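This is start.cif (mmCIF, C-alpha atoms).
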```
data_structure
#
loop_
_atom_site.label_atom_id
_atom_site.label_comp_id
_atom_site.auth_asym_id
_atom_site.auth_seq_id
_atom_site.Cartn_x
_atom_site.Cartn_y
_atom_site.Cartn_z
CA MET A 1 18.89 171.67 -23.21
CA ILE A 2 16.85 171.88 -20.00
CA GLU A 3 15.09 175.01 -21.27
CA TYR A 4 14.39 173.39 -24.64
CA VAL A 5 12.92 170.25 -23.05
CA SER A 6 10.91 172.37 -20.59
CA ASN A 7 9.24 174.16 -23.52
CA LEU A 8 8.13 171.01 -25.35
CA THR A 9 4.37 170.62 -25.68
CA THR A 10 4.55 166.97 -24.61
CA ARG A 11 6.53 165.92 -21.52
CA PRO A 12 9.16 163.30 -22.44
CA GLU A 13 8.79 159.84 -20.91
CA ALA A 14 12.52 159.07 -20.97
CA VAL A 15 15.88 160.35 -22.17
CA VAL A 16 17.71 158.13 -24.67
CA ALA A 17 21.34 159.01 -25.38
CA LEU A 18 24.22 157.62 -27.40
CA GLU A 19 27.40 156.73 -25.54
CA ALA A 20 30.14 159.00 -24.29
CA ARG A 21 29.04 162.65 -24.32
CA GLY A 22 25.38 161.66 -24.53
CA PHE A 23 25.70 159.81 -21.23
CA LEU A 24 26.94 162.96 -19.50
CA LEU A 25 24.21 165.23 -20.84
CA GLY A 26 21.44 162.63 -20.88
CA THR A 27 21.77 161.62 -17.25
CA LEU A 28 21.63 165.24 -16.09
CA ILE A 29 18.51 165.94 -18.14
CA ALA A 30 16.84 162.72 -16.92
CA LEU A 31 17.64 163.58 -13.30
CA HIS A 32 16.33 167.13 -13.70
CA PHE A 33 12.97 165.89 -15.02
CA ASP A 34 12.90 162.72 -12.84
CA ILE A 35 12.44 160.46 -15.87
CA PRO A 36 14.32 157.29 -16.92
CA PHE A 37 17.68 157.44 -18.68
CA ILE A 38 18.23 154.80 -21.38
CA PRO A 39 21.82 154.42 -22.67
CA ILE A 40 22.58 153.27 -26.21
CA ARG A 41 25.97 151.71 -26.92
CA LYS A 42 27.87 150.42 -29.92
CA LYS A 43 27.21 146.77 -30.72
CA GLY A 44 28.97 144.32 -28.41
CA LYS A 45 29.45 146.72 -25.46
CA LEU A 46 26.37 145.82 -23.37
CA PRO A 47 26.12 142.58 -21.37
CA GLY A 48 23.09 140.29 -21.53
CA GLU A 49 20.23 140.39 -24.00
CA VAL A 50 19.99 143.47 -26.17
CA ILE A 51 18.00 144.91 -29.05
CA SER A 52 20.26 145.98 -31.93
CA THR A 53 19.89 147.91 -35.14
CA THR A 54 22.25 148.80 -37.97
CA PHE A 55 22.31 152.05 -39.95
CA THR A 56 23.83 152.65 -43.36
CA LEU A 57 25.81 155.89 -43.49
CA GLU A 58 27.58 157.63 -46.35
CA TYR A 59 30.89 156.10 -45.21
CA GLY A 60 29.74 152.62 -44.13
CA THR A 61 27.48 151.04 -41.52
CA VAL A 62 27.19 151.36 -37.76
CA SER A 63 25.35 149.17 -35.23
CA PHE A 64 23.91 150.23 -31.89
CA SER A 65 22.41 148.24 -29.02
CA ILE A 66 20.03 148.91 -26.15
CA ASP A 67 19.27 146.67 -23.18
CA ILE A 68 16.03 144.74 -23.43
CA PRO A 69 13.62 146.84 -21.34
CA LEU A 70 13.09 145.88 -17.73
CA PRO A 71 10.13 146.87 -15.58
CA PRO A 72 9.96 150.70 -15.57
CA HIS A 73 11.16 151.09 -11.98
CA SER A 74 14.36 149.16 -12.71
CA PHE A 75 15.98 151.79 -14.93
CA TYR A 76 15.06 154.98 -13.11
CA ILE A 77 18.03 156.95 -11.83
CA HIS A 78 17.64 157.99 -8.20
#
```

Spit out the file's structure as structure tokens when you get a sec.
Amino acid sequence: MIEYVSNLTTRPEAVVALEARGFLLGTLIALHFDIPFIPIRKKGKLPGEVISTTFTLEYGTVSFSIDIPLPPHSFYIH
């Protein structure tokens, strides 16, 4: 993953990852490139105000949420 991201023509501004395994891989990639990590969780799992969206899949629907963005420095991992 690090090699793939390193070879992109445009440097990513952040890493966004879906819960569980995505958190493990996403945080490591974000730390390596010193960019923000933004977690996405299933609806109802994040505290406070969130932005949510729902997707229709072949077997039903699923909803995901993301925290309402804070100032950029507040979600950097250091």

Residues matched by the PyMOL selection byres ((chain A and resi 53-66) around 6), written as a list in words: Ile40, Arg41, Lys42, Lys43, Val50, Ile51, Ser52 and Asp67 of chain A

Point-to-point distance in Å for atom CA of Val15 of chain A and atom CA of Ile35 of chain A: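 Taking atom CA of Ile35 of chain A and atom CA of Val15 of chain A, their separation equals 7.2 Å.
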
Within 10 Å of Ala14 of chain A using all atoms listed in the file, minus same-chain residues under 4 positions, as a PyMOL selection string: chain A and resi 26+29-30+33-38+76

Could the residues in this selection be saved with C-alpha atoms as a JSON list (two decimals), in the frame of the given file?
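So selection09.json came out as:
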```
[["chain", "number", "residue", "atom", "x", "y", "z"],
["A", 26, "GLY", "CA", 21.44, 162.63, -20.88],
["A", 29, "ILE", "CA", 18.51, 165.94, -18.14],
["A", 30, "ALA", "CA", 16.84, 162.72, -16.92],
["A", 33, "PHE", "CA", 12.97, 165.89, -15.02],
["A", 34, "ASP", "CA", 12.90, 162.72, -12.84],
["A", 35, "ILE", "CA", 12.44, 160.46, -15.87],
["A", 36, "PRO", "CA", 14.32, 157.29, -16.92],
["A", 37, "PHE", "CA", 17.68, 157.44, -18.68],
["A", 38, "ILE", "CA", 18.23, 154.80, -21.38],
["A", 76, "TYR", "CA", 15.06, 154.98, -13.11]]
```

Point-to-point distance from atom CA of Lys45 of chain A to atom CA of Pro12 of chain A, Å rounded to tenths: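 Between these atoms lies a distance of 26.4 Å.
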
Separation of atom CA of Glu3 of chain A from atom CA of Gly22 of chain A in Å: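 We find that atom CA of Gly22 of chain A and atom CA of Glu3 of chain A lie 17.2 Å from each other.
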
Selected residue of minimal separation from Glu49 of chain A among A:Leu25, A:Ala20, A:Ile68, A:Ile2, counting all atoms listed in the file: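 Result for the nearest residue to Glu49 of chain A: A:Ile68.
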